[in-house]
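To keep things clear, I will list the structure first and then write my remarks on it.
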Amino acid sequence: MTTWVETPGEGRERGPIGLGRAWIGVLVRPREFFRTGVVPGDQAPGLVFAVVVALAFVTTGFVVDPTSIPAIQGGPALSATLALLAVGLLVAPATLHLTAAIQTLLLMVVVRDRAGVSETVQTVAYATAPCALAGLPSPGLRAGCAIYGAALLVIGLAEVHDTSLTRAALAGAIPASLVFGYAFGGFGAIVAVARAWAVI
């Protein structure tokens, strides 16, 4: 379940080009991407994709605001490296699979005939695509990335599990809140944007 099987659709091949095509595909043509790019028993591409998105998010945050680098040991450079290793090897994979497990349980309640756990893992992973840009210093951009990511999750769930957008939205509300609201800082960004508009 953690190896590439075939190349069923665009963006599934290995390497940076494959990741780039997957990123563009899910952002520009999400329905088509989720319909052709998510296949049973093939979690590895989605896992790699989600880890790369998480690393892009964290790395951008470190570059923009070096004070956000956790003080681990050996100075900022080593601390940043260790933090990124932790994100890539532990935090991102664990968060993805925990969220997918929660998503699977919610789908069991809302959708009678559904795809498998592997497809759910991939759907959650690819829905994070906009958040590769969420580390940039713009609350508006981060809020937009989070909202778009949540929308992609709903679209992906509807396509992959062959259900309505309404049922997908019901099943995806809590996972979307966890991933896009908290992990990628969407809720805080939305509050910041709302406060800025209130001042204006």
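Ordering of the structure tokens sets the chain letters (A, B, ...); residue numbers start at 1 within each chain; ligands are numbered from 1 in the order shown.
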Which of chain A counts as helix (DSSP H, G or I) under DSSP, as a PDB file with C-alpha atoms, in the first residue's frame please?
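Produced file selection17.pdb, reproduced below:
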```pdb
ATOM      1  CA  GLY A  15       9.992  12.592  -9.207  1.00  0.00           C
ATOM      2  CA  PRO A  16       9.604  16.367  -9.135  1.00  0.00           C
ATOM      3  CA  ILE A  17       7.870  16.514 -12.530  1.00  0.00           C
ATOM      4  CA  GLY A  18       5.218  14.067 -11.371  1.00  0.00           C
ATOM      5  CA  LEU A  19       4.648  16.048  -8.182  1.00  0.00           C
ATOM      6  CA  GLY A  20       4.395  19.269 -10.173  1.00  0.00           C
ATOM      7  CA  ARG A  21       1.847  17.784 -12.559  1.00  0.00           C
ATOM      8  CA  ALA A  22      -0.181  16.422  -9.662  1.00  0.00           C
ATOM      9  CA  TRP A  23      -0.128  19.835  -7.961  1.00  0.00           C
ATOM     10  CA  ILE A  24      -1.298  21.654 -11.086  1.00  0.00           C
ATOM     11  CA  GLY A  25      -3.834  18.955 -11.930  1.00  0.00           C
ATOM     12  CA  VAL A  26      -5.566  18.983  -8.561  1.00  0.00           C
ATOM     13  CA  LEU A  27      -5.633  22.797  -8.450  1.00  0.00           C
ATOM     14  CA  VAL A  28      -6.866  23.361 -12.003  1.00  0.00           C
ATOM     15  CA  PRO A  30      -9.838  18.722  -9.418  1.00  0.00           C
ATOM     16  CA  ARG A  31     -12.760  16.550 -10.523  1.00  0.00           C
ATOM     17  CA  GLU A  32     -10.768  14.981 -13.333  1.00  0.00           C
ATOM     18  CA  PHE A  33      -7.724  14.573 -11.138  1.00  0.00           C
ATOM     19  CA  PHE A  34      -9.543  12.841  -8.295  1.00  0.00           C
ATOM     20  CA  ARG A  35     -11.422  10.665 -10.772  1.00  0.00           C
ATOM     21  CA  THR A  36      -8.295   9.422 -12.587  1.00  0.00           C
ATOM     22  CA  GLY A  37      -5.409  10.026 -10.165  1.00  0.00           C
ATOM     23  CA  ALA A  44       2.763   6.301  -1.704  1.00  0.00           C
ATOM     24  CA  PRO A  45       2.300   9.105  -4.271  1.00  0.00           C
ATOM     25  CA  GLY A  46      -0.283  10.815  -2.075  1.00  0.00           C
ATOM     26  CA  LEU A  47       1.857  10.461   1.025  1.00  0.00           C
ATOM     27  CA  VAL A  48       4.888  11.934  -0.733  1.00  0.00           C
ATOM     28  CA  PHE A  49       2.711  14.745  -2.094  1.00  0.00           C
ATOM     29  CA  ALA A  50       1.351  15.649   1.349  1.00  0.00           C
ATOM     30  CA  VAL A  51       4.828  15.578   2.906  1.00  0.00           C
ATOM     31  CA  VAL A  52       6.194  17.900   0.198  1.00  0.00           C
ATOM     32  CA  VAL A  53       3.290  20.320   0.727  1.00  0.00           C
ATOM     33  CA  ALA A  54       3.869  20.308   4.496  1.00  0.00           C
ATOM     34  CA  LEU A  55       7.605  20.890   4.034  1.00  0.00           C
ATOM     35  CA  ALA A  56       6.926  23.777   1.631  1.00  0.00           C
ATOM     36  CA  PHE A  57       4.544  25.315   4.163  1.00  0.00           C
ATOM     37  CA  VAL A  58       6.944  25.017   7.098  1.00  0.00           C
ATOM     38  CA  THR A  59      10.056  26.000   5.132  1.00  0.00           C
ATOM     39  CA  THR A  60       8.390  29.147   3.800  1.00  0.00           C
ATOM     40  CA  GLY A  61       7.368  30.070   7.331  1.00  0.00           C
ATOM     41  CA  PHE A  62      10.940  29.628   8.576  1.00  0.00           C
ATOM     42  CA  VAL A  63      12.357  31.751   5.736  1.00  0.00           C
ATOM     43  CA  VAL A  64       9.803  34.536   6.187  1.00  0.00           C
ATOM     44  CA  PRO A  66      13.256  33.022  11.328  1.00  0.00           C
ATOM     45  CA  THR A  67      12.013  33.561  14.887  1.00  0.00           C
ATOM     46  CA  SER A  68       9.454  30.804  14.245  1.00  0.00           C
ATOM     47  CA  GLY A  75      21.764  27.131  16.292  1.00  0.00           C
ATOM     48  CA  PRO A  76      19.005  28.158  13.861  1.00  0.00           C
ATOM     49  CA  ALA A  77      20.276  26.199  10.828  1.00  0.00           C
ATOM     50  CA  LEU A  78      20.493  22.866  12.656  1.00  0.00           C
ATOM     51  CA  SER A  79      17.260  23.529  14.536  1.00  0.00           C
ATOM     52  CA  ALA A  80      15.444  24.261  11.267  1.00  0.00           C
ATOM     53  CA  THR A  81      16.866  21.109   9.681  1.00  0.00           C
ATOM     54  CA  LEU A  82      15.807  18.942  12.619  1.00  0.00           C
ATOM     55  CA  ALA A  83      12.350  20.530  12.652  1.00  0.00           C
ATOM     56  CA  LEU A  84      11.909  19.867   8.925  1.00  0.00           C
ATOM     57  CA  LEU A  85      13.038  16.268   9.364  1.00  0.00           C
ATOM     58  CA  ALA A  86      10.468  15.850  12.125  1.00  0.00           C
ATOM     59  CA  VAL A  87       7.742  17.314   9.911  1.00  0.00           C
ATOM     60  CA  GLY A  88       8.676  15.191   6.912  1.00  0.00           C
ATOM     61  CA  LEU A  89       9.262  11.901   8.683  1.00  0.00           C
ATOM     62  CA  LEU A  90       6.814  12.043  11.596  1.00  0.00           C
ATOM     63  CA  VAL A  91       4.349  14.914  11.818  1.00  0.00           C
ATOM     64  CA  ALA A  92       3.030  15.060   8.245  1.00  0.00           C
ATOM     65  CA  PRO A  93       2.627  11.277   7.740  1.00  0.00           C
ATOM     66  CA  ALA A  94       1.042  10.826  11.178  1.00  0.00           C
ATOM     67  CA  THR A  95      -1.342  13.742  10.664  1.00  0.00           C
ATOM     68  CA  LEU A  96      -2.321  12.492   7.209  1.00  0.00           C
ATOM     69  CA  HIS A  97      -3.120   8.976   8.388  1.00  0.00           C
ATOM     70  CA  LEU A  98      -4.898  10.113  11.553  1.00  0.00           C
ATOM     71  CA  THR A  99      -7.045  12.507   9.525  1.00  0.00           C
ATOM     72  CA  ALA A 100      -7.756   9.797   6.955  1.00  0.00           C
ATOM     73  CA  ALA A 101      -8.813   7.430   9.755  1.00  0.00           C
ATOM     74  CA  ILE A 102     -11.234  10.029  11.120  1.00  0.00           C
ATOM     75  CA  GLN A 103     -12.455  10.715   7.598  1.00  0.00           C
ATOM     76  CA  THR A 104     -13.055   7.020   6.987  1.00  0.00           C
ATOM     77  CA  LEU A 105     -15.161   6.698  10.153  1.00  0.00           C
ATOM     78  CA  LEU A 106     -17.251   9.715   9.163  1.00  0.00           C
ATOM     79  CA  LEU A 107     -17.726   8.354   5.645  1.00  0.00           C
ATOM     80  CA  MET A 108     -19.016   5.097   7.135  1.00  0.00           C
ATOM     81  CA  VAL A 109     -21.806   7.098   8.763  1.00  0.00           C
ATOM     82  CA  VAL A 110     -22.707   9.243   5.755  1.00  0.00           C
ATOM     83  CA  VAL A 117      -9.174   3.582   3.118  1.00  0.00           C
ATOM     84  CA  SER A 118      -6.289   3.927   0.672  1.00  0.00           C
ATOM     85  CA  GLU A 119      -8.353   6.148  -1.613  1.00  0.00           C
ATOM     86  CA  THR A 120      -9.361   8.265   1.370  1.00  0.00           C
ATOM     87  CA  VAL A 121      -5.717   8.753   2.357  1.00  0.00           C
ATOM     88  CA  GLN A 122      -4.909   9.889  -1.173  1.00  0.00           C
ATOM     89  CA  THR A 123      -7.897  12.235  -1.297  1.00  0.00           C
ATOM     90  CA  VAL A 124      -6.911  13.993   1.928  1.00  0.00           C
ATOM     91  CA  ALA A 125      -3.287  14.184   0.754  1.00  0.00           C
ATOM     92  CA  TYR A 126      -4.006  15.767  -2.628  1.00  0.00           C
ATOM     93  CA  ALA A 127      -6.534  18.200  -1.151  1.00  0.00           C
ATOM     94  CA  ALA A 129      -2.243  21.183  -2.615  1.00  0.00           C
ATOM     95  CA  PRO A 130      -3.084  24.905  -2.124  1.00  0.00           C
ATOM     96  CA  CYS A 131      -1.362  24.952   1.264  1.00  0.00           C
ATOM     97  CA  ALA A 132       2.067  24.723  -0.345  1.00  0.00           C
ATOM     98  CA  LEU A 133       1.626  28.497  -0.620  1.00  0.00           C
ATOM     99  CA  PRO A 139      -3.355  36.165   6.074  1.00  0.00           C
ATOM    100  CA  GLY A 140      -5.584  36.605   3.031  1.00  0.00           C
ATOM    101  CA  LEU A 141      -3.558  34.126   0.998  1.00  0.00           C
ATOM    102  CA  ARG A 142      -3.429  31.633   3.865  1.00  0.00           C
ATOM    103  CA  ALA A 143      -7.181  31.922   4.396  1.00  0.00           C
ATOM    104  CA  GLY A 144      -7.769  31.432   0.673  1.00  0.00           C
ATOM    105  CA  CYS A 145      -5.496  28.377   0.603  1.00  0.00           C
ATOM    106  CA  ALA A 146      -7.318  26.840   3.552  1.00  0.00           C
ATOM    107  CA  ILE A 147     -10.756  27.469   2.074  1.00  0.00           C
ATOM    108  CA  TYR A 148      -9.709  26.116  -1.317  1.00  0.00           C
ATOM    109  CA  GLY A 149      -8.135  23.069   0.325  1.00  0.00           C
ATOM    110  CA  ALA A 150     -11.355  22.350   2.206  1.00  0.00           C
ATOM    111  CA  ALA A 151     -13.314  22.697  -1.043  1.00  0.00           C
ATOM    112  CA  LEU A 152     -10.904  20.306  -2.780  1.00  0.00           C
ATOM    113  CA  LEU A 153     -11.418  17.774   0.004  1.00  0.00           C
ATOM    114  CA  VAL A 154     -15.185  17.896  -0.485  1.00  0.00           C
ATOM    115  CA  ILE A 155     -14.840  17.596  -4.269  1.00  0.00           C
ATOM    116  CA  GLY A 156     -12.386  14.752  -3.887  1.00  0.00           C
ATOM    117  CA  LEU A 157     -14.581  12.855  -1.454  1.00  0.00           C
ATOM    118  CA  ALA A 158     -17.569  13.246  -3.771  1.00  0.00           C
ATOM    119  CA  GLU A 159     -15.624  11.970  -6.788  1.00  0.00           C
ATOM    120  CA  VAL A 160     -13.643   9.183  -5.132  1.00  0.00           C
ATOM    121  CA  LEU A 165     -21.314  17.159  -2.598  1.00  0.00           C
ATOM    122  CA  THR A 166     -23.711  17.582   0.328  1.00  0.00           C
ATOM    123  CA  ARG A 167     -22.812  14.212   1.833  1.00  0.00           C
ATOM    124  CA  ALA A 168     -19.134  14.822   1.111  1.00  0.00           C
ATOM    125  CA  ALA A 169     -19.328  18.183   2.886  1.00  0.00           C
ATOM    126  CA  LEU A 170     -20.988  16.589   5.924  1.00  0.00           C
ATOM    127  CA  ALA A 171     -18.377  13.847   6.081  1.00  0.00           C
ATOM    128  CA  GLY A 172     -15.460  16.188   5.424  1.00  0.00           C
ATOM    129  CA  ALA A 173     -16.301  19.061   7.791  1.00  0.00           C
ATOM    130  CA  ILE A 174     -14.323  17.822  10.807  1.00  0.00           C
ATOM    131  CA  PRO A 175     -11.256  16.588   8.870  1.00  0.00           C
ATOM    132  CA  ALA A 176     -11.185  19.838   6.899  1.00  0.00           C
ATOM    133  CA  SER A 177     -11.275  21.808  10.140  1.00  0.00           C
ATOM    134  CA  LEU A 178      -8.398  19.788  11.578  1.00  0.00           C
ATOM    135  CA  VAL A 179      -6.173  19.960   8.495  1.00  0.00           C
ATOM    136  CA  PHE A 180      -6.939  23.337   6.986  1.00  0.00           C
ATOM    137  CA  GLY A 181      -8.267  25.211   9.985  1.00  0.00           C
ATOM    138  CA  TYR A 182      -5.653  24.172  12.527  1.00  0.00           C
ATOM    139  CA  ALA A 183      -2.663  22.439  10.911  1.00  0.00           C
ATOM    140  CA  GLY A 186      -6.694  28.725   8.238  1.00  0.00           C
ATOM    141  CA  PHE A 187      -8.837  29.685  11.219  1.00  0.00           C
ATOM    142  CA  GLY A 188      -6.270  32.146  12.537  1.00  0.00           C
ATOM    143  CA  ALA A 189      -5.847  33.665   9.078  1.00  0.00           C
ATOM    144  CA  ILE A 190      -9.598  34.074   8.618  1.00  0.00           C
ATOM    145  CA  VAL A 191      -9.843  35.820  12.001  1.00  0.00           C
ATOM    146  CA  ALA A 192      -6.948  38.114  11.060  1.00  0.00           C
ATOM    147  CA  VAL A 193      -8.604  39.014   7.745  1.00  0.00           C
ATOM    148  CA  ALA A 194     -11.936  39.651   9.472  1.00  0.00           C
ATOM    149  CA  ARG A 195     -10.265  41.949  12.017  1.00  0.00           C
ATOM    150  CA  ALA A 196      -8.472  43.841   9.249  1.00  0.00           C
ATOM    151  CA  TRP A 197     -11.750  44.373   7.415  1.00  0.00           C
ATOM    152  CA  ALA A 198     -13.438  45.479  10.668  1.00  0.00           C
ATOM    153  CA  VAL A 199     -10.777  48.153  11.172  1.00  0.00           C
TER     154      VAL A 199
END
```
